[in-house]
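What follows is the content of structure.cif (mmCIF, C-alpha atoms).
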```
data_final
loop_
_atom_site.label_atom_id
_atom_site.label_comp_id
_atom_site.auth_asym_id
_atom_site.auth_seq_id
_atom_site.Cartn_x
_atom_site.Cartn_y
_atom_site.Cartn_z
CA MET A 99 0.00 0.00 0.00
CA VAL A 100 1.36 3.42 -0.95
CA LYS A 101 1.33 5.90 1.94
CA LYS A 102 0.10 9.43 1.39
CA GLY A 103 2.88 12.02 1.77
CA LYS A 104 2.74 14.81 4.32
CA PHE A 105 4.09 17.49 1.99
CA SER A 106 2.81 18.84 -1.30
CA GLU A 107 4.43 18.81 -4.73
CA PRO A 108 6.25 22.20 -4.37
CA SER A 109 7.92 20.93 -1.17
CA LEU A 110 9.20 17.82 -2.95
CA LEU A 111 10.48 19.88 -5.88
CA ILE A 112 12.33 22.15 -3.44
CA LEU A 113 13.90 19.16 -1.68
CA ILE A 114 14.98 17.68 -5.03
CA SER A 115 16.49 21.03 -6.00
CA LEU A 116 18.44 21.21 -2.74
CA ALA A 117 19.57 17.58 -3.06
CA GLU A 118 21.93 18.71 -5.82
CA LYS A 119 23.41 21.73 -3.98
CA SER A 120 22.53 24.53 -1.56
CA ARG A 121 20.47 27.25 -3.22
CA HIS A 122 18.74 30.50 -2.24
CA GLY A 123 15.05 31.19 -2.89
CA TYR A 124 15.26 32.62 -6.39
CA ALA A 125 17.79 29.97 -7.50
CA ILE A 126 15.35 27.25 -6.34
CA MET A 127 12.59 28.90 -8.41
CA GLU A 128 14.87 29.02 -11.48
CA ASP A 129 15.93 25.39 -11.04
CA ILE A 130 12.31 24.21 -10.82
CA GLN A 131 11.36 26.35 -13.81
CA SER A 132 14.18 25.03 -16.00
CA ASN A 133 13.74 21.36 -15.05
CA TYR A 134 9.97 20.94 -14.84
CA ASP A 135 8.66 24.06 -16.60
CA ILE A 136 6.74 24.94 -13.43
CA ASN A 137 6.58 28.58 -12.37
CA LEU A 138 6.53 28.43 -8.59
CA GLY A 139 5.19 31.71 -7.18
CA PRO A 140 7.13 33.49 -4.39
CA GLY A 141 4.24 32.97 -1.94
CA THR A 142 4.10 29.22 -2.62
CA LEU A 143 7.90 28.96 -2.50
CA TYR A 144 8.29 30.61 0.90
CA GLY A 145 5.21 28.84 2.28
CA ALA A 146 6.84 25.51 1.43
CA ILE A 147 10.28 26.64 2.65
CA SER A 148 8.85 27.67 6.04
CA ARG A 149 7.11 24.27 6.44
CA LEU A 150 10.21 22.34 5.43
CA GLU A 151 12.43 24.36 7.75
CA LYS A 152 9.99 23.85 10.63
CA ALA A 153 10.03 20.10 9.94
CA GLY A 154 13.84 20.15 10.04
CA TYR A 155 14.22 18.94 6.44
CA ILE A 156 16.14 22.02 5.31
CA ARG A 157 18.18 24.64 7.13
CA VAL A 158 19.41 28.09 6.26
CA LEU A 159 23.13 28.71 5.85
CA GLU A 160 24.56 31.85 7.42
CA SER A 161 25.36 34.46 4.81
CA GLU A 162 26.26 38.15 4.74
CA ASP A 163 24.13 38.50 1.66
CA ARG A 164 20.37 39.18 1.83
CA LYS A 165 19.93 36.02 -0.27
CA LYS A 166 20.19 33.18 2.22
CA PRO A 167 21.05 29.75 0.80
CA TYR A 168 19.20 26.67 2.05
CA LYS A 169 20.73 23.26 2.61
CA LEU A 170 19.12 19.83 2.73
CA THR A 171 19.54 18.23 6.17
CA LYS A 172 20.11 14.53 6.92
CA GLU A 173 16.44 14.18 7.97
CA GLY A 174 15.42 15.90 4.74
CA SER A 175 17.53 13.52 2.72
CA VAL A 176 15.94 10.49 4.46
CA TYR A 177 12.46 11.91 3.92
CA LEU A 178 13.14 12.65 0.23
CA THR A 179 14.47 9.12 -0.29
CA GLN A 180 11.26 7.68 1.21
CA GLN A 181 9.09 9.91 -0.96
CA ILE A 182 10.98 8.98 -4.14
CA GLU A 183 10.64 5.28 -3.28
CA GLU A 184 6.87 5.77 -2.88
CA LEU A 185 6.71 7.57 -6.23
CA GLN A 186 8.72 4.80 -7.86
CA LYS A 187 6.22 2.22 -6.56
CA ILE A 188 3.38 4.26 -8.12
CA ALA A 189 5.26 4.66 -11.42
CA THR A 190 6.06 0.91 -11.57
CA LEU A 191 2.46 -0.09 -10.84
CA GLY A 192 1.14 2.38 -13.44
CA SER A 193 3.63 1.20 -16.08
CA LYS A 194 2.75 -2.47 -15.42
CA ARG A 195 -0.98 -1.81 -15.76
CA LEU A 196 -0.42 0.12 -18.98
CA GLY A 197 1.71 -2.74 -20.31
CA LEU A 198 4.75 -0.51 -20.66
CA ILE A 199 6.97 -2.95 -18.74
CA MET B 235 5.09 45.53 -3.48
CA ARG B 236 6.38 45.80 0.09
CA TRP B 237 2.97 46.14 1.73
CA PHE B 238 2.14 42.58 0.68
CA ILE B 239 4.91 41.41 3.02
CA TYR B 240 3.37 43.44 5.88
CA LEU B 241 0.24 41.29 5.57
CA TYR B 242 2.18 38.22 6.72
CA PRO B 243 2.29 37.38 10.48
CA LYS B 244 5.01 39.30 12.33
CA ILE B 245 7.15 36.25 13.23
CA TRP B 246 7.01 34.97 9.64
CA ARG B 247 7.84 38.43 8.29
CA LYS B 248 10.89 38.75 10.55
CA ARG B 249 12.25 35.42 9.38
CA TYR B 250 11.44 35.46 5.65
CA GLY B 251 10.39 39.06 4.87
CA LYS B 252 13.72 40.33 3.50
CA GLU B 253 14.30 37.18 1.45
CA LEU B 254 10.81 37.34 -0.03
CA GLU B 255 11.31 41.02 -0.85
CA GLN B 256 14.53 40.14 -2.64
CA VAL B 257 12.79 37.41 -4.68
CA LEU B 258 9.93 39.78 -5.52
CA GLN B 259 12.42 42.33 -6.85
CA GLN B 260 13.73 39.66 -9.22
CA THR B 261 10.40 38.18 -10.32
CA GLY B 262 8.55 41.49 -10.53
CA ILE B 263 4.89 41.84 -9.61
CA SER B 264 2.02 40.57 -11.76
CA VAL B 265 -1.59 39.55 -11.11
CA LYS B 266 -0.49 35.90 -10.89
CA VAL B 267 2.22 36.77 -8.33
CA MET B 268 -0.25 38.87 -6.32
CA ILE B 269 -2.77 35.99 -6.16
CA ASP B 270 0.04 33.60 -5.20
CA LEU B 271 1.13 35.97 -2.42
CA LEU B 272 -2.44 36.27 -1.10
CA PHE B 273 -2.68 32.46 -0.87
CA GLY B 274 0.73 32.46 0.83
CA ILE B 275 -0.49 35.05 3.35
CA LEU B 276 -3.60 32.97 4.15
CA ASP B 277 -1.44 29.87 4.53
CA ALA B 278 1.03 31.64 6.84
CA TRP B 279 -1.82 32.96 9.03
CA GLN B 280 -3.43 29.53 9.16
CA ILE B 281 -0.14 28.04 10.45
CA GLU B 282 0.38 30.97 12.83
CA LEU B 283 -3.11 30.72 14.36
CA SER B 284 -2.99 26.94 14.63
CA GLU B 285 0.23 27.27 16.66
CA ARG B 286 -0.93 30.04 18.99
CA LYS B 287 -2.72 28.87 22.11
CA ILE B 288 -4.92 30.57 24.69
CA TYR B 289 -5.33 28.60 27.93
CA GLY B 290 -4.32 25.46 26.07
CA PHE B 291 -6.85 25.95 23.25
CA ARG B 292 -5.70 26.47 19.68
CA MET B 293 -6.46 30.03 18.57
CA ASP B 294 -7.85 29.06 15.14
CA ARG B 295 -10.38 26.71 16.78
CA LEU B 296 -11.34 29.42 19.28
CA LEU B 297 -11.91 31.89 16.42
CA VAL B 298 -14.11 29.39 14.58
CA LEU B 299 -16.06 28.73 17.80
CA ILE B 300 -16.56 32.47 18.47
CA SER B 301 -17.66 33.02 14.85
CA LEU B 302 -20.17 30.17 15.08
CA LEU B 303 -21.56 31.58 18.34
CA ASN B 304 -21.91 35.00 16.67
CA VAL B 305 -23.75 33.52 13.70
CA LEU B 306 -26.02 31.58 16.07
CA LEU B 307 -26.77 34.75 18.06
CA ILE B 308 -27.54 36.79 14.94
CA VAL B 309 -29.78 34.05 13.48
CA GLN B 310 -31.60 33.82 16.81
CA LEU B 311 -32.15 37.58 17.04
CA ILE B 312 -33.21 37.91 13.40
CA SER B 313 -35.75 35.11 13.80
CA LEU B 314 -37.12 36.91 16.85
CA ARG B 315 -37.46 40.07 14.73
CA GLU B 316 -35.09 41.91 17.02
CA VAL B 317 -33.03 43.50 14.26
CA ILE B 318 -33.63 46.88 15.85
CA MET B 319 -31.70 45.72 18.88
CA LEU B 320 -28.79 44.58 16.65
CA GLU B 321 -28.93 47.98 14.96
CA GLN B 322 -28.57 49.71 18.28
CA ILE B 323 -25.74 47.44 19.43
CA ALA B 324 -23.82 48.08 16.16
CA LEU B 325 -24.29 51.85 16.52
CA ILE B 326 -23.20 51.86 20.18
CA ILE B 327 -20.05 49.84 19.38
CA ALA B 328 -19.32 52.10 16.38
CA MET B 329 -19.65 55.28 18.44
CA LEU B 330 -17.61 53.83 21.30
CA SER B 331 -14.85 52.81 18.87
CA PHE B 332 -14.83 56.29 17.33
CA PHE B 333 -14.67 57.91 20.77
CA LEU B 334 -11.77 55.66 21.86
CA ALA B 335 -9.94 56.22 18.54
CA VAL B 336 -10.13 60.00 18.95
CA CYS B 337 -9.13 59.86 22.64
CA ILE B 338 -6.12 57.63 21.92
CA LEU B 339 -5.10 59.88 19.01
CA ILE B 340 -5.19 62.96 21.26
CA VAL B 341 -3.21 61.17 23.99
CA ASN B 342 -0.67 60.05 21.38
CA MET B 343 -0.34 63.59 20.02
CA PHE B 344 0.37 64.91 23.51
CA LYS B 345 2.86 62.12 24.13
CA VAL B 346 4.93 62.15 20.93
CA GLY B 347 3.99 65.43 19.24
CA ILE B 348 1.44 66.42 16.61
CA ALA B 349 3.27 65.24 13.47
CA LYS B 350 4.41 61.91 14.95
CA GLY B 351 1.00 61.39 16.56
CA PHE B 352 -0.55 60.80 13.13
CA SER B 353 2.07 58.22 12.10
CA LEU B 354 1.68 54.48 12.49
CA ASN B 355 5.07 54.05 14.12
CA THR B 356 3.81 54.21 17.70
CA ARG B 357 1.78 51.57 19.49
CA LEU B 358 -0.94 54.10 20.40
CA GLY B 359 -1.13 55.22 16.75
CA LYS B 360 -1.72 51.63 15.66
CA LEU B 361 -4.34 51.18 18.40
CA SER B 362 -6.12 54.33 17.27
CA ILE B 363 -6.23 53.11 13.67
CA GLY B 364 -7.54 49.76 14.93
CA PHE B 365 -10.43 51.47 16.70
CA MET B 366 -11.09 53.56 13.57
CA GLY B 367 -11.32 50.30 11.60
CA SER B 368 -13.73 48.91 14.19
CA TYR B 369 -15.78 52.12 13.91
CA ALA B 370 -15.96 51.78 10.11
CA LEU B 371 -16.92 48.10 10.34
CA PHE B 372 -19.68 48.58 12.89
CA PHE B 373 -20.99 51.73 11.25
CA VAL B 374 -21.35 49.88 7.94
CA SER B 375 -23.07 47.03 9.84
CA PHE B 376 -25.43 49.59 11.36
CA LEU B 377 -26.26 51.06 7.93
CA VAL B 378 -26.88 47.58 6.48
CA LEU B 379 -29.16 46.61 9.36
CA ALA B 380 -30.97 49.97 9.32
CA ASN B 381 -31.85 49.55 5.67
#
```

Represent the structure of the file as structure tokens.
Amino acid sequence: MVKKGKFSEPSLLILISLAEKSRHGYAIMEDIQSNYDINLGPGTLYGAISRLEKAGYIRVLESEDRKKPYKLTKEGSVYLTQQIEELQKIATLGSKRLGLI
Amino acid sequence: MRWFIYLYPKIWRKRYGKELEQVLQQTGISVKVMIDLLFGILDAWQIELSERKIYGFRMDRLLVLISLLNVLLIVQLISLREVIMLEQIALIIAMLSFFLAVCILIVNMFKVGIAKGFSLNTRLGKLSIGFMGSYALFFVSFLVLAN
């Protein structure tokens, strides 16, 4: 049985973006836009960032600049791995039923 | 653009306000961005209120409970054809709010000076504006009920 995730799609996209390297808000938006062609609004972006930070999945890196980079934490990495495994189960089941594999 | 950020809860604004402002400078403002920000503001307030507690009760639940009680009271009074009483209550609250707003404004002017007294930088100034808002709200309610 596939468990329902606690976080929404924007949160997962942010975690995937940060899995590559630490990025600040606007860089996360650009990464999501270039990879998935999704325009994440600033309100949605910072709503998701605040939830993820509260959950301990990302943390802000100290910076002199006004643009503060975010880093994926160990807990965030574990959570993202679990979510990707769930998504893979869904994709495999869907592909099997469509006769693609 | 900046006043959108002021609509977020204070704690949220302190933590993410400058960053969001920076991002907004880069994305620019459009109708889509404004709608997205409004949803973000609602979301931030929902989280904020669900985390605040009064005597162990979550503030968002208390607000819903108070709103339901208000609706129940109004429905009860309307069904009893006591709209005139509601009219009077709305007018009394409106006048009281106006009186308090003016009093606080005068006190503030004496305290910090005439020019500064009209600004929103002082706590009393904010309180006065709050009472003015309450006056406007209840006076409109009075007009609606009276007609």

Self-check item: Explicit residue set for the PyMOL selection byres ((chain A) within 10 of (chain B)), as a list of chain:residue names
Solution: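 Expected selection for the PyMOL selection byres ((chain A) within 10 of (chain B)) here is A:His122, A:Gly123, A:Tyr124, A:Ala125, A:Met127, A:Leu138, A:Gly139, A:Pro140, A:Gly141, A:Thr142, A:Leu143, A:Tyr144, A:Gly145, A:Ala146, A:Ile147, A:Ser148, A:Arg149, A:Asp163, A:Arg164, A:Lys165, A:Lys166.
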
Quiz item: Care to translate the PyMOL selection byres ((chain B and resi 370) around 12) into actual residues of this file, as an MDAnalysis selection string?
Solution: chainID B and resid 324:325 327:332 335 363:369 371:377

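CA of Ser106 (chain A) sits 25.6 Å away from CA of Lys194 (chain A).
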
Self-check item: Selection result for the PyMOL selection byres ((chain B and resi 351-362) around 8) on this file, as JSON, numbers by chain
Solution: {"B": [334, 335, 336, 338, 339, 340, 342, 343, 344, 345, 346, 347, 348, 349, 350, 363, 364, 365, 366]}

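Here CA of Ile130 (chain A) and CA of Leu111 (chain A) stand 6.8 Å from one another.
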
Quiz item: What gap, in Å, lies between CA of Val305 (chain B) and CA of Gln322 (chain B)?
Solution: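 Taking CA of Val305 (chain B) and CA of Gln322 (chain B), their separation equals 17.5 Å.
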
Quiz prompt | Shortest interatomic distance to Val176 (chain A) - which of A:Ile188, A:Val158, A:Leu113, A:Ile136, counting only C-alpha atoms | solution = A:Leu113

Could you pull the residues within 12 Å of Ile182 (chain A), counting all atoms listed in the file, minus those fewer than 2 positions along the same chain, as a PDB file with C-alpha atoms, keeping the file's coordinate frame?
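And here's part_23.pdb as it stands now:
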```pdb
ATOM      1  CA  VAL A 100       1.360   3.420  -0.950  1.00  0.00           C
ATOM      2  CA  LYS A 101       1.330   5.900   1.940  1.00  0.00           C
ATOM      3  CA  GLY A 103       2.880  12.020   1.770  1.00  0.00           C
ATOM      4  CA  GLU A 107       4.430  18.810  -4.730  1.00  0.00           C
ATOM      5  CA  LEU A 110       9.200  17.820  -2.950  1.00  0.00           C
ATOM      6  CA  LEU A 111      10.480  19.880  -5.880  1.00  0.00           C
ATOM      7  CA  LEU A 113      13.900  19.160  -1.680  1.00  0.00           C
ATOM      8  CA  ILE A 114      14.980  17.680  -5.030  1.00  0.00           C
ATOM      9  CA  SER A 175      17.530  13.520   2.720  1.00  0.00           C
ATOM     10  CA  VAL A 176      15.940  10.490   4.460  1.00  0.00           C
ATOM     11  CA  TYR A 177      12.460  11.910   3.920  1.00  0.00           C
ATOM     12  CA  LEU A 178      13.140  12.650   0.230  1.00  0.00           C
ATOM     13  CA  THR A 179      14.470   9.120  -0.290  1.00  0.00           C
ATOM     14  CA  GLN A 180      11.260   7.680   1.210  1.00  0.00           C
ATOM     15  CA  GLU A 184       6.870   5.770  -2.880  1.00  0.00           C
ATOM     16  CA  LEU A 185       6.710   7.570  -6.230  1.00  0.00           C
ATOM     17  CA  GLN A 186       8.720   4.800  -7.860  1.00  0.00           C
ATOM     18  CA  LYS A 187       6.220   2.220  -6.560  1.00  0.00           C
ATOM     19  CA  ILE A 188       3.380   4.260  -8.120  1.00  0.00           C
ATOM     20  CA  ALA A 189       5.260   4.660 -11.420  1.00  0.00           C
TER      21      ALA A 189
END
```

My structure is short of atoms at region 356-367 of chain B; please model all heavy atoms there, returning them as a PDB file, in the coordinates of the input.
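Output contents, as saved in out-v1.pdb:
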```
ATOM      1  N   THR B 356       3.972  54.432  16.254  1.00  0.00           N
ATOM      2  CA  THR B 356       3.810  54.210  17.700  1.00  0.00           C
ATOM      3  C   THR B 356       2.698  53.210  17.955  1.00  0.00           C
ATOM      4  O   THR B 356       1.805  53.028  17.130  1.00  0.00           O
ATOM      5  CB  THR B 356       3.458  55.536  18.409  1.00  0.00           C
ATOM      6  OG1 THR B 356       2.254  56.025  17.816  1.00  0.00           O
ATOM      7  CG2 THR B 356       4.550  56.580  18.248  1.00  0.00           C
ATOM      8  N   ARG B 357       2.784  52.579  19.132  1.00  0.00           N
ATOM      9  CA  ARG B 357       1.780  51.570  19.490  1.00  0.00           C
ATOM     10  C   ARG B 357       0.391  52.211  19.621  1.00  0.00           C
ATOM     11  O   ARG B 357      -0.610  51.658  19.179  1.00  0.00           O
ATOM     12  CB  ARG B 357       2.192  50.912  20.810  1.00  0.00           C
ATOM     13  CG  ARG B 357       1.378  49.695  21.142  1.00  0.00           C
ATOM     14  CD  ARG B 357       1.922  48.973  22.321  1.00  0.00           C
ATOM     15  NE  ARG B 357       3.122  48.227  21.971  1.00  0.00           N
ATOM     16  CZ  ARG B 357       3.783  47.457  22.814  1.00  0.00           C
ATOM     17  NH1 ARG B 357       3.369  47.326  24.045  1.00  0.00           N
ATOM     18  NH2 ARG B 357       4.862  46.801  22.432  1.00  0.00           N
ATOM     19  N   LEU B 358       0.349  53.415  20.225  1.00  0.00           N
ATOM     20  CA  LEU B 358      -0.940  54.100  20.400  1.00  0.00           C
ATOM     21  C   LEU B 358      -1.538  54.489  19.038  1.00  0.00           C
ATOM     22  O   LEU B 358      -2.750  54.445  18.851  1.00  0.00           O
ATOM     23  CB  LEU B 358      -0.763  55.345  21.272  1.00  0.00           C
ATOM     24  CG  LEU B 358      -0.589  55.093  22.766  1.00  0.00           C
ATOM     25  CD1 LEU B 358      -0.355  56.397  23.509  1.00  0.00           C
ATOM     26  CD2 LEU B 358      -1.792  54.389  23.372  1.00  0.00           C
ATOM     27  N   GLY B 359      -0.665  54.885  18.102  1.00  0.00           N
ATOM     28  CA  GLY B 359      -1.130  55.220  16.750  1.00  0.00           C
ATOM     29  C   GLY B 359      -1.789  54.037  16.087  1.00  0.00           C
ATOM     30  O   GLY B 359      -2.856  54.151  15.470  1.00  0.00           O
ATOM     31  N   LYS B 360      -1.163  52.864  16.242  1.00  0.00           N
ATOM     32  CA  LYS B 360      -1.720  51.630  15.660  1.00  0.00           C
ATOM     33  C   LYS B 360      -3.060  51.291  16.310  1.00  0.00           C
ATOM     34  O   LYS B 360      -4.007  50.884  15.645  1.00  0.00           O
ATOM     35  CB  LYS B 360      -0.742  50.470  15.836  1.00  0.00           C
ATOM     36  CG  LYS B 360       0.440  50.528  14.891  1.00  0.00           C
ATOM     37  CD  LYS B 360       1.426  49.426  15.209  1.00  0.00           C
ATOM     38  CE  LYS B 360       2.710  49.633  14.420  1.00  0.00           C
ATOM     39  NZ  LYS B 360       3.797  48.799  14.881  1.00  0.00           N
ATOM     40  N   LEU B 361      -3.107  51.476  17.642  1.00  0.00           N
ATOM     41  CA  LEU B 361      -4.340  51.180  18.400  1.00  0.00           C
ATOM     42  C   LEU B 361      -5.472  52.092  17.935  1.00  0.00           C
ATOM     43  O   LEU B 361      -6.615  51.654  17.746  1.00  0.00           O
ATOM     44  CB  LEU B 361      -4.062  51.371  19.888  1.00  0.00           C
ATOM     45  CG  LEU B 361      -5.040  50.739  20.863  1.00  0.00           C
ATOM     46  CD1 LEU B 361      -5.011  49.223  20.742  1.00  0.00           C
ATOM     47  CD2 LEU B 361      -4.693  51.129  22.291  1.00  0.00           C
ATOM     48  N   SER B 362      -5.130  53.356  17.725  1.00  0.00           N
ATOM     49  CA  SER B 362      -6.120  54.330  17.270  1.00  0.00           C
ATOM     50  C   SER B 362      -6.680  53.942  15.899  1.00  0.00           C
ATOM     51  O   SER B 362      -7.892  53.982  15.678  1.00  0.00           O
ATOM     52  CB  SER B 362      -5.476  55.716  17.220  1.00  0.00           C
ATOM     53  OG  SER B 362      -6.359  56.640  16.685  1.00  0.00           O
ATOM     54  N   ILE B 363      -5.799  53.541  15.006  1.00  0.00           N
ATOM     55  CA  ILE B 363      -6.230  53.110  13.670  1.00  0.00           C
ATOM     56  C   ILE B 363      -7.116  51.862  13.774  1.00  0.00           C
ATOM     57  O   ILE B 363      -8.116  51.724  13.078  1.00  0.00           O
ATOM     58  CB  ILE B 363      -4.998  52.839  12.763  1.00  0.00           C
ATOM     59  CG1 ILE B 363      -4.327  54.152  12.371  1.00  0.00           C
ATOM     60  CG2 ILE B 363      -5.359  52.050  11.510  1.00  0.00           C
ATOM     61  CD1 ILE B 363      -5.124  55.040  11.417  1.00  0.00           C
ATOM     62  N   GLY B 364      -6.743  50.977  14.700  1.00  0.00           N
ATOM     63  CA  GLY B 364      -7.540  49.760  14.930  1.00  0.00           C
ATOM     64  C   GLY B 364      -8.958  50.098  15.328  1.00  0.00           C
ATOM     65  O   GLY B 364      -9.928  49.542  14.804  1.00  0.00           O
ATOM     66  N   PHE B 365      -9.095  51.047  16.256  1.00  0.00           N
ATOM     67  CA  PHE B 365     -10.430  51.470  16.700  1.00  0.00           C
ATOM     68  C   PHE B 365     -11.183  52.175  15.573  1.00  0.00           C
ATOM     69  O   PHE B 365     -12.401  52.050  15.464  1.00  0.00           O
ATOM     70  CB  PHE B 365     -10.348  52.362  17.936  1.00  0.00           C
ATOM     71  CG  PHE B 365     -10.249  51.572  19.210  1.00  0.00           C
ATOM     72  CD1 PHE B 365      -9.117  51.624  20.002  1.00  0.00           C
ATOM     73  CD2 PHE B 365     -11.303  50.758  19.621  1.00  0.00           C
ATOM     74  CE1 PHE B 365      -9.022  50.881  21.174  1.00  0.00           C
ATOM     75  CE2 PHE B 365     -11.220  50.006  20.791  1.00  0.00           C
ATOM     76  CZ  PHE B 365     -10.080  50.074  21.562  1.00  0.00           C
ATOM     77  N   MET B 366     -10.457  52.914  14.735  1.00  0.00           N
ATOM     78  CA  MET B 366     -11.090  53.560  13.570  1.00  0.00           C
ATOM     79  C   MET B 366     -11.657  52.497  12.628  1.00  0.00           C
ATOM     80  O   MET B 366     -12.747  52.642  12.087  1.00  0.00           O
ATOM     81  CB  MET B 366     -10.061  54.416  12.806  1.00  0.00           C
ATOM     82  CG  MET B 366     -10.045  55.857  13.209  1.00  0.00           C
ATOM     83  SD  MET B 366     -11.620  56.646  13.008  1.00  0.00           S
ATOM     84  CE  MET B 366     -11.241  58.264  13.589  1.00  0.00           C
ATOM     85  N   GLY B 367     -10.871  51.426  12.449  1.00  0.00           N
ATOM     86  CA  GLY B 367     -11.320  50.300  11.600  1.00  0.00           C
ATOM     87  C   GLY B 367     -12.564  49.669  12.176  1.00  0.00           C
ATOM     88  O   GLY B 367     -13.531  49.369  11.448  1.00  0.00           O
TER      89      GLY B 367
END
```
